[in-house]
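Pasting entry22.tsv here (TSV, C-alpha atoms):
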chain	number	residue	atom	x	y	z
A	1	MET	CA	-11.90	-8.95	21.04
A	2	LYS	CA	-10.13	-5.98	22.58
A	3	LEU	CA	-7.81	-3.51	20.91
A	4	PRO	CA	-4.25	-3.49	22.27
A	5	ALA	CA	-3.75	-0.96	25.04
A	6	THR	CA	-2.36	2.23	23.53
A	7	SER	CA	-0.09	2.81	26.52
A	8	SER	CA	1.85	-0.42	26.12
A	9	PHE	CA	5.46	-0.16	24.98
A	10	LYS	CA	6.88	-2.40	22.33
A	11	ALA	CA	10.58	-2.52	21.53
A	12	PRO	CA	11.53	-1.30	18.05
A	13	VAL	CA	12.21	-3.72	15.19
A	14	LYS	CA	14.40	-3.24	12.15
A	15	PHE	CA	12.67	-1.78	9.11
A	16	ARG	CA	11.06	-4.13	6.63
A	17	MET	CA	7.70	-4.57	4.99
A	18	PRO	CA	5.23	-5.99	7.54
A	19	THR	CA	4.39	-8.92	5.27
A	20	ALA	CA	5.73	-12.42	4.61
A	21	ASP	CA	7.63	-11.23	1.52
A	22	ASN	CA	9.78	-8.13	1.90
A	23	LEU	CA	8.85	-6.62	-1.45
A	24	VAL	CA	9.03	-3.00	-2.60
A	25	PRO	CA	5.93	-1.52	-4.26
A	26	ILE	CA	7.12	0.14	-7.48
A	27	ARG	CA	4.93	2.60	-9.37
A	28	LEU	CA	5.86	3.92	-12.82
A	29	ASP	CA	4.27	6.75	-14.79
A	30	ILE	CA	6.51	7.81	-17.66
A	31	GLU	CA	5.69	9.91	-20.72
A	32	ASN	CA	7.95	10.48	-23.71
A	33	GLU	CA	7.36	11.46	-27.34
A	34	GLY	CA	3.61	11.42	-26.92
A	35	GLN	CA	3.56	7.91	-25.45
A	36	ARG	CA	2.83	7.07	-21.84
A	37	TYR	CA	3.76	3.99	-19.81
A	38	LYS	CA	2.07	3.32	-16.46
A	39	ASP	CA	2.57	0.25	-14.33
A	40	ALA	CA	2.63	-0.93	-10.72
A	41	PHE	CA	4.40	-4.04	-9.42
A	42	THR	CA	6.58	-5.33	-6.60
A	43	TRP	CA	10.34	-5.82	-6.57
A	44	ASN	CA	12.64	-7.83	-4.33
A	45	PRO	CA	15.19	-5.36	-2.90
A	46	SER	CA	17.70	-8.21	-2.56
A	47	ASP	CA	17.80	-8.77	-6.33
A	48	PRO	CA	20.94	-7.44	-8.08
A	49	ASP	CA	20.59	-3.99	-9.60
A	50	SER	CA	21.55	-5.40	-13.00
A	51	GLU	CA	18.07	-6.94	-13.14
A	52	VAL	CA	16.59	-3.45	-13.29
A	53	VAL	CA	18.16	-2.72	-16.68
A	54	VAL	CA	17.20	-6.15	-17.97
A	55	PHE	CA	13.60	-5.54	-16.96
A	56	ALA	CA	13.56	-2.07	-18.53
A	57	LYS	CA	14.93	-3.36	-21.85
A	58	LYS	CA	12.46	-6.24	-21.95
A	59	THR	CA	9.54	-3.94	-21.16
A	60	VAL	CA	10.47	-1.50	-23.91
A	61	ARG	CA	10.92	-4.34	-26.39
A	62	ASP	CA	7.67	-6.13	-25.50
A	63	LEU	CA	5.55	-2.97	-25.51
A	64	LYS	CA	7.34	-1.45	-28.52
A	65	LEU	CA	8.09	1.75	-26.65
A	66	PRO	CA	10.62	4.37	-27.84
A	67	PRO	CA	14.21	3.44	-26.86
A	68	GLN	CA	14.42	6.44	-24.50
A	69	PHE	CA	12.00	4.68	-22.18
A	70	THR	CA	14.67	2.15	-21.23
A	71	THR	CA	16.74	4.67	-19.28
A	72	GLN	CA	13.70	6.35	-17.76
A	73	ILE	CA	12.17	3.08	-16.55
A	74	ALA	CA	15.46	1.87	-15.11
A	75	GLN	CA	16.13	5.18	-13.35
A	76	SER	CA	12.65	5.33	-11.82
A	77	ILE	CA	12.85	1.78	-10.48
A	78	GLN	CA	16.37	2.29	-9.15
A	79	SER	CA	15.37	5.54	-7.44
A	80	GLN	CA	12.49	3.83	-5.61
A	81	LEU	CA	14.70	0.90	-4.63
A	82	THR	CA	17.34	3.28	-3.29
A	83	GLU	CA	14.75	5.05	-1.16
A	84	PHE	CA	13.52	1.72	0.26
A	85	ARG	CA	17.04	0.57	1.04
A	86	SER	CA	17.78	3.86	2.81
A	87	TYR	CA	15.42	2.71	5.57
A	88	GLU	CA	16.94	-0.76	5.96
A	89	GLY	CA	18.66	-1.26	9.31
A	90	GLN	CA	16.75	1.59	10.92
A	91	ASP	CA	14.41	1.12	13.86
A	92	MET	CA	10.66	1.30	13.50
A	93	TYR	CA	7.92	1.05	16.11
A	94	THR	CA	4.86	-1.14	15.65
A	95	ALA	CA	3.37	-0.74	19.11
A	96	GLU	CA	-0.16	-0.70	17.69
A	97	LYS	CA	-1.08	-3.81	15.74
A	98	ILE	CA	-4.27	-2.72	14.06
A	99	VAL	CA	-4.12	-0.22	11.16
A	100	PRO	CA	-6.72	0.82	8.58
A	101	ILE	CA	-6.36	-0.15	4.93
A	102	LYS	CA	-8.58	1.52	2.36
A	103	LEU	CA	-9.28	0.50	-1.22
A	104	ASP	CA	-10.56	2.98	-3.81
A	105	LEU	CA	-9.61	1.47	-7.16
A	106	ARG	CA	-10.75	1.25	-10.74
A	107	VAL	CA	-9.27	-1.62	-12.68
A	108	ASN	CA	-10.51	-1.68	-16.26
A	109	HIS	CA	-14.30	-1.81	-15.84
A	110	THR	CA	-14.29	-2.79	-12.14
A	111	LEU	CA	-14.73	-0.16	-9.46
A	112	ILE	CA	-13.86	-1.18	-5.88
A	113	ARG	CA	-14.20	0.57	-2.52
A	114	ASP	CA	-13.55	-1.06	0.82
A	115	GLN	CA	-11.89	-0.52	4.20
A	116	PHE	CA	-10.68	-3.10	6.65
A	117	LEU	CA	-8.21	-3.76	9.45
A	118	TRP	CA	-4.67	-5.10	9.07
A	119	ASP	CA	-2.37	-6.54	11.73
A	120	LEU	CA	0.88	-4.63	11.31
A	121	ASN	CA	2.79	-7.08	13.49
A	122	ASN	CA	1.80	-10.16	11.48
A	123	TYR	CA	4.90	-10.81	9.40
A	124	ASP	CA	3.25	-13.88	7.88
A	125	SER	CA	0.55	-11.80	6.20
A	126	ASP	CA	0.21	-12.19	2.43
A	127	PRO	CA	-1.51	-9.35	0.51
A	128	GLU	CA	-1.62	-11.45	-2.66
A	129	GLU	CA	-3.45	-14.29	-0.91
A	130	PHE	CA	-5.81	-11.78	0.69
A	131	ALA	CA	-6.51	-10.28	-2.74
A	132	ARG	CA	-7.24	-13.68	-4.27
A	133	THR	CA	-9.72	-14.45	-1.50
A	134	PHE	CA	-11.21	-10.96	-1.81
A	135	CYS	CA	-11.86	-11.43	-5.54
A	136	LYS	CA	-13.22	-14.94	-5.06
A	137	ASP	CA	-15.63	-13.87	-2.30
A	138	LEU	CA	-16.93	-10.96	-4.38
A	139	ALA	CA	-17.05	-12.96	-7.65
A	140	ILE	CA	-14.66	-10.60	-9.44
A	141	ASP	CA	-13.56	-12.23	-12.69
A	142	ASP	CA	-11.08	-9.69	-14.06
A	143	PRO	CA	-7.62	-11.24	-13.44
A	144	GLU	CA	-6.04	-7.78	-13.15
A	145	VAL	CA	-8.07	-6.82	-10.07
A	146	GLY	CA	-6.32	-9.17	-7.62
A	147	PRO	CA	-2.79	-7.84	-8.29
A	148	ALA	CA	-4.10	-4.26	-8.10
A	149	VAL	CA	-5.71	-4.90	-4.71
A	150	ALA	CA	-2.54	-6.56	-3.37
A	151	PHE	CA	-0.42	-3.67	-4.62
A	152	ALA	CA	-2.69	-1.09	-2.99
A	153	ILE	CA	-2.34	-2.91	0.33
A	154	ARG	CA	1.44	-3.13	0.04
A	155	GLU	CA	1.73	0.53	-0.91
A	156	GLN	CA	-0.19	1.62	2.18
A	157	LEU	CA	1.77	-0.73	4.47
A	158	TYR	CA	4.98	0.75	3.06
A	159	GLU	CA	3.83	4.28	3.93
A	160	ILE	CA	2.91	3.16	7.46
A	161	ALA	CA	6.32	1.52	7.88
A	162	ILE	CA	8.05	4.73	6.79
A	163	GLN	CA	6.00	6.72	9.30
A	164	SER	CA	7.04	4.22	11.99
A	165	VAL	CA	10.71	4.86	11.15
A	166	ALA	CA	10.15	8.60	11.46
A	167	SER	CA	8.50	8.07	14.84
A	168	ALA	CA	11.46	6.01	16.06
A	169	ARG	CA	13.85	8.79	14.99
A	170	GLU	CA	11.88	11.41	16.90
A	171	ILE	CA	11.82	9.24	20.00
A	172	LYS	CA	15.58	8.76	19.85
A	173	ILE	CA	16.25	12.47	19.35
A	174	SER	CA	13.89	13.62	22.09
A	175	LYS	CA	16.06	12.14	24.90
A	176	LYS	CA	13.33	12.76	27.44
A	177	GLY	CA	14.00	9.59	29.38
A	178	ARG	CA	12.46	6.15	29.24
A	179	ARG	CA	9.08	7.28	30.50
A	180	GLY	CA	8.82	10.00	27.91
A	181	ALA	CA	9.97	7.66	25.15
A	182	GLU	CA	7.36	5.08	26.06
A	183	HIS	CA	4.64	7.68	25.97
A	184	MET	CA	5.76	9.06	22.62
A	185	SER	CA	6.08	5.64	20.99
A	186	ALA	CA	2.54	4.82	21.95
A	187	SER	CA	1.10	8.14	20.82
A	188	LYS	CA	3.02	8.53	17.57
A	189	ALA	CA	3.51	4.99	16.33
A	190	GLY	CA	-0.05	4.24	17.37
A	191	GLY	CA	-1.50	7.23	15.56
A	192	ASN	CA	-2.99	5.13	12.79
A	193	ALA	CA	-4.76	2.84	15.23
A	194	LEU	CA	-6.16	5.78	17.18
A	195	ASP	CA	-7.41	7.39	13.97
A	196	LEU	CA	-8.89	4.04	13.07
A	197	MET	CA	-10.96	3.89	16.24
A	198	LYS	CA	-12.38	7.31	15.39
A	199	LEU	CA	-13.03	6.26	11.82
A	200	PHE	CA	-14.92	3.14	12.75
A	201	ARG	CA	-16.41	4.70	15.89
A	202	PHE	CA	-14.97	1.94	18.10
A	203	ASN	CA	-14.76	2.15	21.86
A	204	SER	CA	-13.14	-1.03	23.10
A	205	SER	CA	-14.02	-3.61	20.45
A	206	ILE	CA	-13.13	-4.11	16.81
A	207	VAL	CA	-16.43	-5.89	16.22
A	208	ARG	CA	-18.64	-3.65	14.09
A	209	LYS	CA	-22.10	-2.78	15.24
A	210	ARG	CA	-24.88	-4.39	13.23
A	211	LYS	CA	-26.18	-1.03	12.02
A	212	GLU	CA	-22.71	-0.27	10.56
A	213	TRP	CA	-22.33	-3.48	8.56
A	214	GLU	CA	-23.81	-2.04	5.38
A	215	VAL	CA	-21.78	1.16	5.64
A	216	TYR	CA	-18.43	-0.65	5.68
A	217	GLU	CA	-19.14	-3.61	3.44
A	218	PRO	CA	-17.16	-3.84	0.17
A	219	PHE	CA	-18.55	-1.93	-2.79
A	220	VAL	CA	-17.99	-3.37	-6.27
A	221	ASP	CA	-19.45	-1.97	-9.47
A	222	ILE	CA	-18.96	-2.99	-13.09
A	223	LEU	CA	-18.83	0.12	-15.26
A	224	SER	CA	-20.08	0.47	-18.80
A	225	ASN	CA	-17.79	1.53	-21.65
A	226	GLU	CA	-19.31	5.01	-21.53
A	227	GLU	CA	-18.68	5.34	-17.78
A	228	VAL	CA	-15.07	4.20	-18.22
A	229	ASP	CA	-14.55	6.78	-20.98
A	230	VAL	CA	-15.87	9.54	-18.72
A	231	LEU	CA	-13.63	8.49	-15.82
A	232	GLU	CA	-10.54	8.20	-18.02
A	233	ALA	CA	-11.16	11.65	-19.49
A	234	ARG	CA	-11.51	13.05	-15.98
A	235	GLU	CA	-8.32	11.32	-14.84
A	236	GLU	CA	-6.47	12.69	-17.87
A	237	ARG	CA	-7.60	16.25	-17.06
A	238	ASN	CA	-6.53	15.83	-13.43
A	239	THR	CA	-3.12	14.57	-14.53
A	240	ARG	CA	-2.57	17.62	-16.70
Take the structure in the file and give it back as structure tokens.
Amino acid sequence: MKLPATSSFKAPVKFRMPTADNLVPIRLDIENEGQRYKDAFTWNPSDPDSEVVVFAKKTVRDLKLPPQFTTQIAQSIQSQLTEFRSYEGQDMYTAEKIVPIKLDLRVNHTLIRDQFLWDLNNYDSDPEEFARTFCKDLAIDDPEVGPAVAFAIREQLYEIAIQSVASAREIKISKKGRRGAEHMSASKAGGNALDLMKLFRFNSSIVRKRKEWEVYEPFVDILSNEEVDVLEAREERNTR
């Protein structure tokens, strides 16, 4: 199976998440009065903004957080939604289909590392379904791991989509003629795929060499309580 030619030109598409569901990855990390609330989830940008306040109030009530968290949660979600919507209607280039996705997660006692390829032009892709299959294949029982894997994928795809919008802007501003634009779209929008070929040491095939199978196979480890305590203490120090 050959990689797409990096010199090919693909017309821009309007910005959206390159997945079946156009969902925004939302990440919250809020601290107030000695209490901290962290969460990560997806949000439909088409939902009315009034749902944001409803969600914030319900979260504060269910988790028995201080009342001040309601405003902070709502503002953080709204800010991230506003940023996502600011890209809607803008052009983005997806000339290169294959991009690298990396996982480096700890969910409760489960530590996961992996890297794989994702087709950026497959708008039927489903990170949640991929995550369910991933957990099933690796016999991961913790029900919180699947959503965390899916979120990590969506978050990286979102960043790639934003970079594609920036590339389209630069191409439009350059005004160097059609030939120059085609060259730039391939080199900039395809940057992730080119980096990927270096990362995986590919020449013309995305099939891994047998000697590299072990290097790039998924790594899953179940940590002890003591190991989790050490990691959490380290993460707390890094946060400070």
| field | Interatomic distance, atom CA of A:Arg113 to atom CA of A:Glu235 (Å, one decimal) | value |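 Taking atom CA of A:Arg113 as the start and atom CA of A:Glu235 as the end point, the length is 17.4 Å.
Of the listed residues (A:Asp62, A:Glu226, A:Asp21, A:Asp119), A:Asp21 comes nearest to A:Asn44; the distances count only C-alpha atoms.
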| query | Hey, what's within 12 Å of A:Pro66 if we count only C-alpha atoms and toss same-chain stuff fewer than 6 positions away? As a PyMOL selection string, please? | reply | chain A and resi 30-37+56-57+59-60+72-73
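Put simply, atom CA of A:Gly146 is 8.9 Å away from atom CA of A:Glu129.
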| What does the distance from atom CA of A:Ala166 to atom CA of A:Arg27 come to in Å, to one decimal? |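 Computed distance, atom CA of A:Ala166 to atom CA of A:Arg27, equals 22.3 Å.
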| query | Which is closer to A:Pro147 than all the others in A:Tyr123, A:Val107, A:Leu223, A:Asp229, using all atoms listed in the file? | reply | A:Val107
| task | For A:Pro218, please output as a list of chain:residue names all residues within 8 Å (counting all atoms listed in the file; exclusion window: fewer than 2 positions along the same chain). | result | A:Ile112, A:Arg113, A:Asp114, A:Gln115, A:Tyr216, A:Val220
| task | Compile the contact shell of A:Leu231 as an NGL selection string: residues with an atom at most 12 Å away, counting only C-alpha atoms, same-chain residues fewer than 6 positions apart removed. | result | :A and (105-111 or 223-225 or 237-238)
| query | Given the choices A:Ile173, A:Ile153, A:Ile26, A:Ala131, which gets closest to A:Lys102 if the distance is worked out from all atoms listed in the file? | reply |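 Smallest separation from A:Lys102 among the options: A:Ile153.
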| task | Using all atoms listed in the file, find the one residue out of A:Leu81, A:Glu128, A:Lys97, A:Ile222 that sits nearest to A:Asp141. | result |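 With all atoms listed in the file as the atom set, the closest residue is A:Ile222.
All residues of protein, DNA or RNA that reach within 9 Å of stretch 87-91 of chain A, judged by all atoms listed in the file and not counting those fewer than 6 positions away in the chain, are Pro12, Val13, Lys14, Phe15, Arg16, Ile162, Ser164, Val165, Ala166, Ala168 and Arg169 of chain A.
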| field | Nearest to A:Ser125 by atom-to-atom distance, counting only C-alpha atoms, from A:Asp221, A:Ala150, A:Phe41, A:Glu170 | value | A:Ala150
